[in-house]
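Asks: Have a peek at target39.txt (compact mmCIF, C-alpha atoms and all ligand atoms).
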```txt
# COMPACT_ATOMS: atom_id res chain seq x y z
CA MET A 21 -0.31 -32.90 -3.11
CA ASN A 22 -3.15 -30.81 -4.45
CA ALA A 23 -1.64 -28.85 -7.31
CA VAL A 24 -4.16 -26.34 -8.61
CA LYS A 25 -4.18 -23.61 -11.22
CA PRO A 26 -1.50 -20.84 -11.10
CA MET A 27 -2.13 -18.24 -8.51
CA VAL A 28 -0.93 -15.12 -6.75
CA LEU A 29 0.52 -15.29 -3.27
CA VAL A 30 -0.54 -12.17 -1.37
CA THR A 31 1.69 -11.60 1.66
CA GLY A 32 0.10 -9.22 4.16
CA GLY A 33 -3.23 -9.71 2.41
CA ALA A 34 -5.29 -9.33 5.59
CA GLY A 35 -4.07 -5.74 6.06
CA TYR A 36 -5.54 -2.46 4.89
CA ILE A 37 -4.24 -2.27 1.31
CA GLY A 38 -4.02 -6.05 0.92
CA SER A 39 -7.68 -6.67 1.77
CA HIS A 40 -8.80 -4.11 -0.82
CA THR A 41 -6.47 -5.61 -3.39
CA LEU A 42 -8.04 -9.06 -2.90
CA ILE A 43 -11.33 -7.65 -4.18
CA ALA A 44 -9.63 -6.19 -7.25
CA LEU A 45 -7.90 -9.54 -7.88
CA ALA A 46 -11.16 -11.46 -7.56
CA GLU A 47 -12.89 -9.03 -9.93
CA ALA A 48 -10.08 -9.52 -12.45
CA ASN A 49 -10.39 -13.32 -12.08
CA TYR A 50 -7.01 -13.85 -10.46
CA ASP A 51 -6.82 -16.78 -8.07
CA PHE A 52 -4.91 -16.02 -4.87
CA ILE A 53 -3.81 -17.24 -1.47
CA VAL A 54 -3.29 -14.89 1.47
CA TYR A 55 -0.29 -15.32 3.77
CA ASP A 56 -0.26 -13.14 6.89
CA ASN A 57 0.88 -13.48 10.49
CA LEU A 58 -1.95 -11.13 11.59
CA CYS A 59 0.48 -8.99 13.62
CA ASN A 60 -1.31 -5.85 12.43
CA SER A 61 -4.60 -7.18 11.11
CA SER A 62 -7.45 -9.51 11.88
CA LYS A 63 -8.93 -12.54 10.18
CA GLU A 64 -12.23 -10.63 10.28
CA SER A 65 -11.06 -8.50 7.34
CA LEU A 66 -10.86 -11.66 5.24
CA ASN A 67 -14.33 -12.80 6.40
CA ARG A 68 -15.69 -9.50 5.16
CA VAL A 69 -13.84 -9.67 1.86
CA GLU A 70 -15.36 -13.14 1.39
CA LYS A 71 -18.82 -11.58 1.73
CA ILE A 72 -17.97 -8.87 -0.80
CA ILE A 73 -16.55 -11.22 -3.42
CA GLY A 74 -19.00 -14.03 -2.70
CA LYS A 75 -16.44 -16.81 -2.37
CA SER A 76 -14.11 -18.27 0.19
CA ILE A 77 -10.49 -17.15 0.48
CA LYS A 78 -7.49 -19.43 0.82
CA PHE A 79 -5.58 -18.28 3.87
CA GLN A 80 -2.45 -19.48 5.61
CA GLU A 81 -1.42 -17.85 8.86
CA GLY A 82 2.36 -17.50 8.92
CA ASP A 83 5.36 -15.23 9.00
CA ILE A 84 7.35 -14.30 5.91
CA ARG A 85 10.51 -15.12 7.88
CA ASP A 86 9.31 -18.72 8.27
CA ALA A 87 10.86 -20.42 5.24
CA ASP A 88 9.38 -23.86 6.09
CA CYS A 89 5.85 -22.54 6.22
CA LEU A 90 6.36 -20.65 2.93
CA GLU A 91 7.83 -23.76 1.31
CA ARG A 92 4.76 -25.77 2.25
CA LEU A 93 2.66 -23.21 0.37
CA PHE A 94 4.87 -23.35 -2.71
CA THR A 95 4.71 -27.16 -2.76
CA THR A 96 0.92 -27.17 -2.35
CA TYR A 97 0.02 -24.46 -4.84
CA ASN A 98 1.31 -23.52 -8.23
CA ILE A 99 2.23 -19.97 -7.23
CA ASP A 100 3.44 -17.97 -10.20
CA SER A 101 3.54 -14.46 -8.77
CA VAL A 102 3.69 -12.69 -5.44
CA ILE A 103 2.25 -9.38 -4.29
CA HIS A 104 4.34 -8.53 -1.28
CA PHE A 105 2.53 -6.25 1.20
CA ALA A 106 3.72 -7.87 4.44
CA GLY A 107 5.74 -5.48 6.53
CA LEU A 108 5.72 -3.18 9.53
CA LYS A 109 4.88 0.40 8.61
CA ALA A 110 4.85 2.77 11.60
CA VAL A 111 7.55 5.40 11.14
CA GLY A 112 7.78 6.39 14.83
CA GLU A 113 7.90 2.78 16.00
CA SER A 114 10.65 2.05 13.48
CA VAL A 115 12.83 4.69 15.15
CA GLU A 116 12.29 2.95 18.52
CA LYS A 117 12.73 -0.59 17.15
CA PRO A 118 15.04 -0.50 14.12
CA ILE A 119 16.25 -4.09 14.58
CA GLU A 120 12.70 -5.44 14.57
CA TYR A 121 11.86 -3.36 11.50
CA PHE A 122 14.88 -4.48 9.49
CA ASP A 123 14.38 -8.08 10.58
CA ASN A 124 10.69 -8.10 9.67
CA ASN A 125 10.83 -6.07 6.47
CA VAL A 126 14.28 -6.70 5.00
CA ASN A 127 15.08 -10.16 6.36
CA GLY A 128 11.47 -11.22 5.73
CA THR A 129 11.76 -10.17 2.09
CA LEU A 130 15.06 -12.06 1.72
CA VAL A 131 13.49 -15.26 3.07
CA LEU A 132 10.53 -14.81 0.73
CA LEU A 133 12.81 -14.22 -2.27
CA SER A 134 14.93 -17.29 -1.56
CA VAL A 135 11.85 -19.50 -1.33
CA MET A 136 10.46 -17.94 -4.51
CA LYS A 137 13.72 -18.61 -6.34
CA LYS A 138 13.89 -22.19 -5.06
CA TYR A 139 10.40 -22.86 -6.48
CA ASN A 140 11.12 -20.96 -9.68
CA CYS A 141 8.54 -18.27 -8.93
CA LYS A 142 10.05 -15.11 -10.41
CA GLN A 143 7.35 -12.46 -10.53
CA ILE A 144 6.96 -10.01 -7.66
CA VAL A 145 5.07 -6.78 -7.06
CA PHE A 146 6.49 -4.92 -4.09
CA SER A 147 4.82 -2.29 -1.85
CA SER A 148 7.27 0.55 -1.78
CA SER A 149 6.53 4.08 -0.67
CA ALA A 150 6.94 7.73 -1.60
CA THR A 151 9.03 7.93 1.57
CA VAL A 152 12.00 6.71 -0.53
CA TYR A 153 12.17 10.21 -2.09
CA GLY A 154 13.06 11.72 1.31
CA ASP A 155 12.56 15.49 1.15
CA PRO A 156 12.29 16.10 -2.61
CA ALA A 157 13.79 19.29 -4.01
CA THR A 158 10.73 19.90 -6.19
CA THR A 159 7.22 18.58 -6.82
CA PRO A 160 5.61 16.78 -8.58
CA ILE A 161 7.89 13.82 -7.91
CA LYS A 162 9.12 11.67 -10.78
CA GLU A 163 10.47 8.14 -10.43
CA ASP A 164 14.01 9.17 -11.34
CA PHE A 165 14.31 11.66 -8.46
CA PRO A 166 17.15 11.00 -5.96
CA LEU A 167 16.36 8.47 -3.25
CA SER A 168 17.00 8.80 0.47
CA ALA A 169 15.50 7.86 3.80
CA THR A 170 15.16 9.63 7.12
CA ASN A 171 14.02 6.76 9.36
CA PRO A 172 14.40 2.96 9.63
CA TYR A 173 11.01 2.29 8.01
CA GLY A 174 11.93 4.33 4.94
CA ARG A 175 15.39 2.77 4.86
CA SER A 176 13.84 -0.72 4.96
CA LYS A 177 11.85 0.17 1.80
CA LEU A 178 14.94 1.60 0.14
CA PHE A 179 17.03 -1.48 1.03
CA ILE A 180 14.37 -3.83 -0.33
CA GLU A 181 14.20 -1.83 -3.58
CA GLU A 182 18.01 -2.13 -3.89
CA ILE A 183 17.87 -5.86 -3.14
CA LEU A 184 15.22 -6.37 -5.82
CA ARG A 185 17.28 -4.42 -8.36
CA ASP A 186 20.28 -6.66 -7.55
CA VAL A 187 18.14 -9.80 -7.79
CA PHE A 188 17.18 -8.77 -11.29
CA VAL A 189 20.81 -8.12 -12.26
CA SER A 190 21.72 -11.61 -11.03
CA ASP A 191 18.81 -13.33 -12.75
CA ASN A 192 16.96 -11.41 -15.41
CA GLU A 193 14.21 -13.98 -15.62
CA PHE A 194 12.82 -12.15 -12.58
CA LYS A 195 9.99 -9.74 -13.37
CA ILE A 196 9.73 -7.07 -10.72
CA VAL A 197 7.38 -4.14 -10.24
CA LEU A 198 8.12 -1.61 -7.49
CA LEU A 199 5.02 0.39 -6.64
CA ARG A 200 5.70 3.60 -4.75
CA TYR A 201 2.48 4.48 -2.97
CA PHE A 202 1.71 8.04 -1.98
CA ASN A 203 -0.92 8.44 0.83
CA PRO A 204 -3.54 5.66 0.71
CA VAL A 205 -6.89 6.58 2.27
CA GLY A 206 -10.56 5.63 1.90
CA SER A 207 -12.31 2.28 2.03
CA HIS A 208 -14.35 -0.08 -0.08
CA SER A 209 -17.74 1.48 -0.86
CA SER A 210 -19.55 -1.22 1.18
CA GLY A 211 -18.15 0.35 4.36
CA THR A 212 -17.34 -3.14 5.66
CA ILE A 213 -13.54 -3.10 5.29
CA GLY A 214 -11.13 -0.29 5.98
CA GLU A 215 -8.11 1.00 7.82
CA ASP A 216 -8.03 -0.18 11.43
CA PRO A 217 -4.97 1.25 13.17
CA ASN A 218 -3.93 0.05 16.63
CA GLY A 219 -4.24 2.69 19.35
CA ILE A 220 -3.93 6.38 18.52
CA PRO A 221 -3.62 6.79 14.75
CA ASN A 222 -0.39 8.30 13.44
CA ASN A 223 -1.85 9.05 10.03
CA LEU A 224 -4.05 11.99 9.22
CA MET A 225 -7.13 10.35 7.72
CA PRO A 226 -7.87 7.80 10.48
CA PHE A 227 -7.25 10.51 13.07
CA ILE A 228 -9.77 12.85 11.39
CA ALA A 229 -12.28 9.99 11.06
CA GLN A 230 -11.95 9.02 14.73
CA THR A 231 -12.37 12.68 15.74
CA ALA A 232 -15.52 12.97 13.61
CA VAL A 233 -17.00 9.83 15.20
CA GLY A 234 -16.25 11.14 18.70
CA LYS A 235 -13.38 8.81 19.66
CA ARG A 236 -10.82 11.65 19.70
CA GLU A 237 -11.41 15.20 20.90
CA CYS A 238 -9.36 17.28 18.56
CA LEU A 239 -7.02 16.92 15.60
CA SER A 240 -3.54 18.35 16.12
CA VAL A 241 -2.47 19.89 12.83
CA PHE A 242 1.29 19.48 12.73
CA GLY A 243 2.60 22.83 11.56
CA GLY A 244 0.83 25.89 10.18
CA ASP A 245 3.91 27.63 8.83
CA TYR A 246 4.97 25.49 5.86
CA ASP A 247 5.54 27.13 2.51
CA THR A 248 2.18 25.86 1.19
CA LYS A 249 -1.06 27.59 0.25
CA ASP A 250 -2.47 27.53 3.81
CA GLY A 251 0.69 26.74 5.79
CA THR A 252 -0.22 23.10 6.45
CA GLY A 253 1.50 20.04 4.93
CA VAL A 254 0.53 18.95 1.42
CA ARG A 255 0.24 15.29 0.38
CA ASP A 256 -1.05 13.18 -2.49
CA TYR A 257 -3.98 11.24 -1.01
CA ILE A 258 -5.02 8.28 -3.12
CA HIS A 259 -8.15 6.16 -2.75
CA VAL A 260 -7.21 2.64 -1.67
CA VAL A 261 -9.53 1.16 -4.32
CA ASP A 262 -7.60 3.00 -7.05
CA LEU A 263 -4.37 1.82 -5.46
CA ALA A 264 -5.62 -1.78 -5.39
CA LEU A 265 -6.30 -1.63 -9.14
CA GLY A 266 -2.68 -0.61 -9.68
CA HIS A 267 -1.66 -4.06 -8.40
CA VAL A 268 -3.86 -5.82 -10.92
CA LYS A 269 -2.29 -3.70 -13.66
CA ALA A 270 1.16 -4.69 -12.37
CA LEU A 271 0.24 -8.40 -12.61
CA ASP A 272 -1.20 -7.82 -16.08
CA TYR A 273 2.11 -6.20 -17.04
CA PHE A 274 3.92 -9.46 -16.25
CA THR A 275 1.79 -11.41 -18.63
CA SER A 276 1.05 -8.91 -21.39
CA GLU A 277 2.85 -9.50 -24.65
CA THR A 278 3.53 -5.85 -25.24
CA SER A 279 4.06 -2.68 -23.29
CA ILE A 280 2.71 0.79 -23.90
CA SER A 281 4.86 3.46 -25.53
CA PRO A 282 4.86 7.17 -24.59
CA ASP A 283 2.37 7.92 -27.35
CA GLU A 284 0.01 5.24 -25.96
CA THR A 285 0.60 2.75 -28.73
CA ARG A 286 1.56 -0.83 -27.97
CA VAL A 287 5.24 -1.67 -28.49
CA PRO A 288 6.96 -5.05 -28.37
CA PHE A 289 9.22 -6.30 -25.57
CA PRO A 290 11.61 -5.64 -23.90
CA LYS A 291 9.73 -3.91 -21.16
CA THR A 292 11.38 -1.99 -18.36
CA ASN A 293 12.44 -4.36 -15.63
CA PRO A 294 12.38 -3.81 -12.73
CA LEU A 295 9.54 -1.40 -13.40
CA THR A 296 9.28 1.36 -10.79
CA VAL A 297 6.17 3.52 -10.74
CA ASN A 298 4.50 6.10 -8.56
CA LEU A 299 0.95 5.33 -7.53
CA GLY A 300 -0.51 8.74 -6.74
CA THR A 301 -3.11 11.09 -8.17
CA GLY A 302 -0.82 14.02 -9.01
CA ASN A 303 -2.90 16.32 -6.78
CA GLY A 304 -1.57 17.84 -3.59
CA TYR A 305 -4.06 18.57 -0.80
CA SER A 306 -3.29 20.29 2.49
CA VAL A 307 -4.25 19.05 5.95
CA LEU A 308 -6.97 21.70 6.08
CA ASP A 309 -8.28 20.69 2.61
CA MET A 310 -8.69 17.14 3.91
CA LEU A 311 -10.31 18.29 7.12
CA LYS A 312 -12.87 20.39 5.22
CA ALA A 313 -13.60 17.58 2.75
CA PHE A 314 -14.16 15.20 5.65
CA GLU A 315 -16.51 17.64 7.35
CA ARG A 316 -18.53 17.85 4.12
CA ALA A 317 -18.67 14.06 3.79
CA SER A 318 -19.56 13.32 7.40
CA GLU A 319 -21.65 16.41 8.09
CA LYS A 320 -19.71 16.62 11.38
CA LYS A 321 -17.53 19.39 12.72
CA VAL A 322 -13.95 18.24 13.29
CA ALA A 323 -12.20 20.24 16.04
CA TYR A 324 -8.56 21.07 15.36
CA LYS A 325 -5.68 23.10 16.65
CA ILE A 326 -2.43 24.07 14.98
CA VAL A 327 0.55 22.69 16.90
CA PRO A 328 4.31 22.68 16.14
CA ARG A 329 5.59 20.68 13.16
CA ARG A 330 6.12 16.93 13.60
CA ALA A 331 9.81 15.96 13.45
CA GLY A 332 10.77 14.51 10.08
CA ASP A 333 7.71 15.83 8.20
CA ILE A 334 8.17 17.55 4.87
CA ALA A 335 6.17 20.44 3.45
CA LYS A 336 4.99 18.99 0.15
CA CYS A 337 4.85 15.57 -1.43
CA PHE A 338 2.85 14.69 -4.52
CA ALA A 339 3.41 12.44 -7.48
CA ASP A 340 3.88 12.85 -11.15
CA PRO A 341 1.70 9.84 -12.04
CA SER A 342 2.26 9.99 -15.81
CA TYR A 343 4.73 7.08 -15.90
CA ALA A 344 2.18 4.74 -14.30
CA LYS A 345 -0.30 5.77 -17.00
CA LYS A 346 2.27 5.18 -19.72
CA MET A 347 3.62 1.84 -18.48
CA LEU A 348 0.66 0.26 -16.72
CA ASP A 349 -2.25 2.09 -18.31
CA TRP A 350 -3.27 2.97 -14.75
CA GLU A 351 -4.50 6.22 -13.31
CA ALA A 352 -6.30 7.21 -10.13
CA LYS A 353 -9.93 8.14 -10.71
CA LYS A 354 -11.48 8.86 -7.31
CA SER A 355 -11.80 12.36 -5.84
CA ILE A 356 -11.04 13.46 -2.27
CA ASP A 357 -14.80 13.68 -1.68
CA GLU A 358 -15.14 9.95 -2.46
CA MET A 359 -12.10 9.22 -0.28
CA CYS A 360 -13.72 11.02 2.65
CA GLU A 361 -17.23 9.63 2.07
CA ASP A 362 -15.91 6.06 1.95
CA SER A 363 -13.66 6.54 4.99
CA TRP A 364 -16.60 7.96 6.89
CA ARG A 365 -18.90 5.06 5.94
CA TRP A 366 -16.31 2.59 7.29
CA GLN A 367 -15.67 4.63 10.45
CA GLU A 368 -19.33 5.27 11.22
CA ASN A 369 -20.32 1.62 10.72
CA ASN A 370 -17.26 0.27 12.55
CA PRO A 371 -16.27 2.70 15.29
CA ASP A 372 -14.07 -0.03 16.85
CA GLY A 373 -12.67 -1.27 13.56
CA TYR A 374 -12.76 -5.06 13.29
CA GLN A 375 -12.88 -5.51 17.06
CA ASN A 376 -16.60 -5.89 17.56
CA PRO A 377 -17.82 -7.57 14.39
CA THR A 378 -21.48 -7.06 13.74
P1 LIG A 401 -1.09 -3.18 7.16
O1 LIG A 401 -0.29 -3.18 8.42
O2 LIG A 401 -2.55 -2.96 7.26
O3 LIG A 401 -0.83 -4.53 6.35
C1 LIG A 401 0.40 -5.23 6.43
C2 LIG A 401 0.06 -6.68 6.69
O4 LIG A 401 1.27 -7.42 6.77
C3 LIG A 401 -0.67 -6.88 8.04
O5 LIG A 401 -1.81 -7.67 7.80
C4 LIG A 401 0.34 -7.61 8.91
O6 LIG A 401 -0.29 -8.49 9.81
C5 LIG A 401 1.19 -8.33 7.86
N1 LIG A 401 2.56 -8.61 8.28
C6 LIG A 401 3.46 -7.76 8.81
N2 LIG A 401 4.62 -8.41 9.04
C7 LIG A 401 4.45 -9.69 8.63
C8 LIG A 401 5.28 -10.85 8.60
N3 LIG A 401 6.51 -10.81 9.10
N4 LIG A 401 4.79 -11.99 8.10
C9 LIG A 401 3.51 -12.04 7.62
N5 LIG A 401 2.67 -10.99 7.64
C10 LIG A 401 3.14 -9.83 8.14
O7 LIG A 401 -0.41 -2.10 6.21
P2 LIG A 401 -0.93 -1.52 4.82
O8 LIG A 401 -1.25 -0.08 5.03
O9 LIG A 401 -1.91 -2.41 4.20
O10 LIG A 401 0.44 -1.55 4.01
C11 LIG A 401 0.78 -2.63 3.15
C12 LIG A 401 2.18 -2.40 2.61
O11 LIG A 401 2.22 -1.14 1.94
C13 LIG A 401 3.26 -2.32 3.70
O12 LIG A 401 4.43 -2.94 3.21
C14 LIG A 401 3.49 -0.84 3.85
O13 LIG A 401 4.79 -0.54 4.30
C15 LIG A 401 3.27 -0.34 2.43
N6 LIG A 401 2.87 1.06 2.37
C16 LIG A 401 1.79 1.49 3.10
C17 LIG A 401 1.44 2.83 3.07
C18 LIG A 401 0.28 3.35 3.89
O14 LIG A 401 0.21 4.55 4.14
N7 LIG A 401 -0.66 2.52 4.31
C19 LIG A 401 2.17 3.74 2.28
C20 LIG A 401 3.26 3.25 1.53
C21 LIG A 401 3.60 1.91 1.59
N1 LIG A 402 -0.87 15.28 10.12
C1 LIG A 402 -1.40 16.14 11.04
N2 LIG A 402 -1.95 15.61 12.18
C2 LIG A 402 -1.99 14.26 12.43
C3 LIG A 402 -1.43 13.39 11.46
C4 LIG A 402 -0.87 13.94 10.32
O1 LIG A 402 -1.39 17.35 10.86
O2 LIG A 402 -2.49 13.85 13.49
C5 LIG A 402 -0.30 15.83 8.86
C6 LIG A 402 1.17 15.53 8.63
O3 LIG A 402 1.98 16.52 9.24
C7 LIG A 402 1.26 15.53 7.10
C8 LIG A 402 -0.11 15.01 6.67
O4 LIG A 402 -0.98 15.22 7.79
O5 LIG A 402 1.38 16.85 6.62
C9 LIG A 402 -0.12 13.51 6.32
O6 LIG A 402 0.45 12.78 7.41
P1 LIG A 402 0.43 11.20 7.45
O7 LIG A 402 1.13 10.80 8.73
O8 LIG A 402 -0.94 10.71 7.25
O9 LIG A 402 1.28 10.78 6.19
P2 LIG A 402 2.81 11.07 5.81
O10 LIG A 402 3.37 12.08 6.77
O11 LIG A 402 3.47 9.76 5.93
O12 LIG A 402 2.79 11.57 4.41
```
Could you write out this structure as structure tokens?

Replies:
Amino acid sequence: MNAVKPMVLVTGGAGYIGSHTLIALAEANYDFIVYDNLCNSSKESLNRVEKIIGKSIKFQEGDIRDADCLERLFTTYNIDSVIHFAGLKAVGESVEKPIEYFDNNVNGTLVLLSVMKKYNCKQIVFSSSATVYGDPATTPIKEDFPLSATNPYGRSKLFIEEILRDVFVSDNEFKIVLLRYFNPVGSHSSGTIGEDPNGIPNNLMPFIAQTAVGKRECLSVFGGDYDTKDGTGVRDYIHVVDLALGHVKALDYFTSETSISPDETRVPFPKTNPLTVNLGTGNGYSVLDMLKAFERASEKKVAYKIVPRRAGDIAKCFADPSYAKKMLDWEAKKSIDEMCEDSWRWQENNPDGYQNPT
């Protein structure tokens, strides 16, 4: 057995947010191993991260529902914390395949947690989502707003949050951070890694990018009659590199001796546990704001038409990010222009995503 120094297990680390987080971990001198079944990603993303960070990445292909495979990792490496990205994330698909979604996301997390507990690994950062706020009564959204879900994907996030809260109640040696992401967009500034959705993108930013590069004809803007400044839906878009740094801050929170008080001074333990924070910018931008910003960044015209609202969409969703600043000393720094410029660099250099590596 080759026991090495303590490290972070990154489930789903070959995916969009995971691959960007690996760079942030490497820059912060965290050692890590990636565990991914590659059901929605490609090994090529890891090859490219290796080029960016200038060192090789430990990778094990496997499913989070495969306890034996996970156990082999825990016996080989001294894993002291987990960042848990692995999961299925397509809202529409989750409505068609709820059993697969609950099995993958909820059951997968339970298997992971039981292996973690068996090997006495009790620190986990979980990828939750702003979707757990359902249709909020007001904005900006604070962490103590009521929780609800309108589709199986959102419910899987809500269930996992509840499970993690119960795990802490049962064993308060667990240290748990629930990160509720708003709308991650953008790419690493190298333009070599980015979001690579299968088929027709469901999300706004990859759809705009593929329209700008000529892969799609026209963006359908879902609804022009919302109660927003221009009638189109408003969201809190956050650069994936800022989001990635939030995960490093969450790991730092596990190990720091003190936490940060509301007036920014350091206070002694106990810290809040589980810690639940929004990762957003606090700014709401409309679909048309994003479209115009992308046109500026790409110097391309993006054709669009207003079509009826998409079922299940809400008018406005943006974070109050002040708790993340207070508890993790984290805040988003990048503007929507940088989000669009970086997305465009990735899209222009990789029109087929990771499929045809150059
Ligand atoms: P992604 O699909 O690019 O990455 C998820 C990774 O998990 C993929 O590499 C996939 O192959 C892997 N995976 C899925 N099921 C697995 C399993 N059973 N075993 C092992 N690996 C598995 O998605 P992403 O955008 O990087 O999202 C990462 C996490 O953040 C997900 O949990 C997602 O639900 C959550 N999240 C994403 C967004 C977003 O808009 N991208 C917003 C909020 C929350
Ligand atoms: N949207 C759109 N056309 C698209 C995809 C999305 O008009 O092809 C809108 C959508 O209605 C919402 C915003 O863009 O107002 C962000 O949608 P996305 O699916 O990216 O994120 P989410 O709805 O999960 O916040």

Asks: List the spatial neighbours of Ser76 in chain A as a list in words - criterion: any atom at most 12 Å away, all atoms listed in the file, same-chain residues fewer than 2 positions off excluded.

Replies: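 Listing them by chain and then by number gives Leu42, Ile43, Ala46, Asp51, Phe52, Ile53, Val54, Leu66, Asn67, Arg68, Val69, Glu70, Lys71, Ile72, Ile73, Gly74, Lys78 and Phe79 of chain A.
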
Asks: Just want the 7 Å neighbourhood of range 146-155 of chain A, counted on all atoms listed in the file, with same-chain residues fewer than 4 positions away dropped. Output as a PDB file with C-alpha atoms, keeping the file's coordinate frame.

Replies:
```pdb
ATOM      1  CA  ILE A 103       2.250  -9.380  -4.290  1.00  0.00           C
ATOM      2  CA  HIS A 104       4.340  -8.530  -1.280  1.00  0.00           C
ATOM      3  CA  PHE A 105       2.530  -6.250   1.200  1.00  0.00           C
ATOM      4  CA  PHE A 165      14.310  11.660  -8.460  1.00  0.00           C
ATOM      5  CA  PRO A 166      17.150  11.000  -5.960  1.00  0.00           C
ATOM      6  CA  LEU A 167      16.360   8.470  -3.250  1.00  0.00           C
ATOM      7  CA  SER A 168      17.000   8.800   0.470  1.00  0.00           C
ATOM      8  CA  ALA A 169      15.500   7.860   3.800  1.00  0.00           C
ATOM      9  CA  THR A 170      15.160   9.630   7.120  1.00  0.00           C
ATOM     10  CA  GLY A 174      11.930   4.330   4.940  1.00  0.00           C
ATOM     11  CA  LYS A 177      11.850   0.170   1.800  1.00  0.00           C
ATOM     12  CA  LEU A 178      14.940   1.600   0.140  1.00  0.00           C
ATOM     13  CA  VAL A 197       7.380  -4.140 -10.240  1.00  0.00           C
ATOM     14  CA  LEU A 198       8.120  -1.610  -7.490  1.00  0.00           C
ATOM     15  CA  LEU A 199       5.020   0.390  -6.640  1.00  0.00           C
ATOM     16  CA  ARG A 200       5.700   3.600  -4.750  1.00  0.00           C
ATOM     17  CA  TYR A 201       2.480   4.480  -2.970  1.00  0.00           C
ATOM     18  CA  PHE A 202       1.710   8.040  -1.980  1.00  0.00           C
ATOM     19  CA  ILE A 334       8.170  17.550   4.870  1.00  0.00           C
TER      20      ILE A 334
END
```

Asks: Pick out the closest residue to Pro226 in chain A from this set: A:Ala335, A:Cys360, A:Ile183, A:Ile144. Count all atoms listed in the file.

Replies: A:Cys360

Asks: Tell me, as a VMD selection string, which residues lie within 6 Å of range 310-326 of chain A, counting all atoms listed in the file; anything in the same chain fewer than 6 positions away does not count.

Replies: chain A and resid 232 238 to 241 360 to 361

Asks: Using all atoms listed in the file, which residues of chain A come within 9 Å of ligand LIG 401 (chain A), and what is the closest atom pair for each, with the distance in Å to one decimal? Give it as CSV, sorted by chain and residue number.

Replies:
```
residue,atom,partner,partner_atom,distance
A:Thr31,CA,A:LIG401,N5,6.1
A:Gly32,CA,A:LIG401,O4,3.4
A:Gly33,CA,A:LIG401,O5,5.9
A:Ala34,CA,A:LIG401,O5,4.4
A:Gly35,CA,A:LIG401,O2,3.4
A:Tyr36,CA,A:LIG401,O9,3.7
A:Ile37,CA,A:LIG401,O9,3.7
A:Gly38,CA,A:LIG401,O9,5.3
A:Ser39,CA,A:LIG401,O9,7.6
A:His40,CA,A:LIG401,O9,8.7
A:Tyr55,CA,A:LIG401,C9,6.3
A:Asp56,CA,A:LIG401,N5,3.7
A:Asn57,CA,A:LIG401,C9,4.2
A:Leu58,CA,A:LIG401,O6,3.6
A:Cys59,CA,A:LIG401,O6,3.9
A:Asn60,CA,A:LIG401,O6,3.9
A:Ser61,CA,A:LIG401,O5,4.4
A:Ser62,CA,A:LIG401,O5,7.2
A:Lys63,CA,A:LIG401,O5,8.9
A:Glu81,CA,A:LIG401,C9,7.7
A:Gly82,CA,A:LIG401,C9,5.7
A:Asp83,CA,A:LIG401,N4,3.4
A:Ile84,CA,A:LIG401,N4,4.1
A:Arg85,CA,A:LIG401,N3,6.0
A:Asp86,CA,A:LIG401,N4,8.1
A:His104,CA,A:LIG401,O12,7.2
A:Phe105,CA,A:LIG401,C12,4.1
A:Ala106,CA,A:LIG401,O4,3.4
A:Gly107,CA,A:LIG401,C6,3.9
A:Leu108,CA,A:LIG401,C6,5.2
A:Lys109,CA,A:LIG401,O13,4.4
A:Ala110,CA,A:LIG401,O13,8.0
A:Asp123,CA,A:LIG401,N3,8.5
A:Asn124,CA,A:LIG401,N3,5.0
A:Asn125,CA,A:LIG401,N3,6.9
A:Gly128,CA,A:LIG401,N3,6.0
A:Thr129,CA,A:LIG401,N3,8.8
A:Phe146,CA,A:LIG401,O12,7.8
A:Ser147,CA,A:LIG401,O11,4.7
A:Ser148,CA,A:LIG401,C21,5.2
A:Ser149,CA,A:LIG401,C20,4.0
A:Ala150,CA,A:LIG401,C20,6.6
A:Thr151,CA,A:LIG401,C20,7.4
A:Tyr173,CA,A:LIG401,O13,7.8
A:Gly174,CA,A:LIG401,O13,8.7
A:Lys177,CA,A:LIG401,O13,7.5
A:Leu199,CA,A:LIG401,C21,8.5
A:Arg200,CA,A:LIG401,C20,6.7
A:Tyr201,CA,A:LIG401,C20,4.7
A:Phe202,CA,A:LIG401,C19,6.1
A:Asn203,CA,A:LIG401,O14,5.2
A:Pro204,CA,A:LIG401,O14,5.2
A:Val205,CA,A:LIG401,O14,7.6
A:Glu215,CA,A:LIG401,O2,6.8
A:Asp216,CA,A:LIG401,O2,7.4
A:Pro217,CA,A:LIG401,O2,7.6
A:Asn223,CA,A:LIG401,O14,7.7
A:Val260,CA,A:LIG401,N7,8.9
```
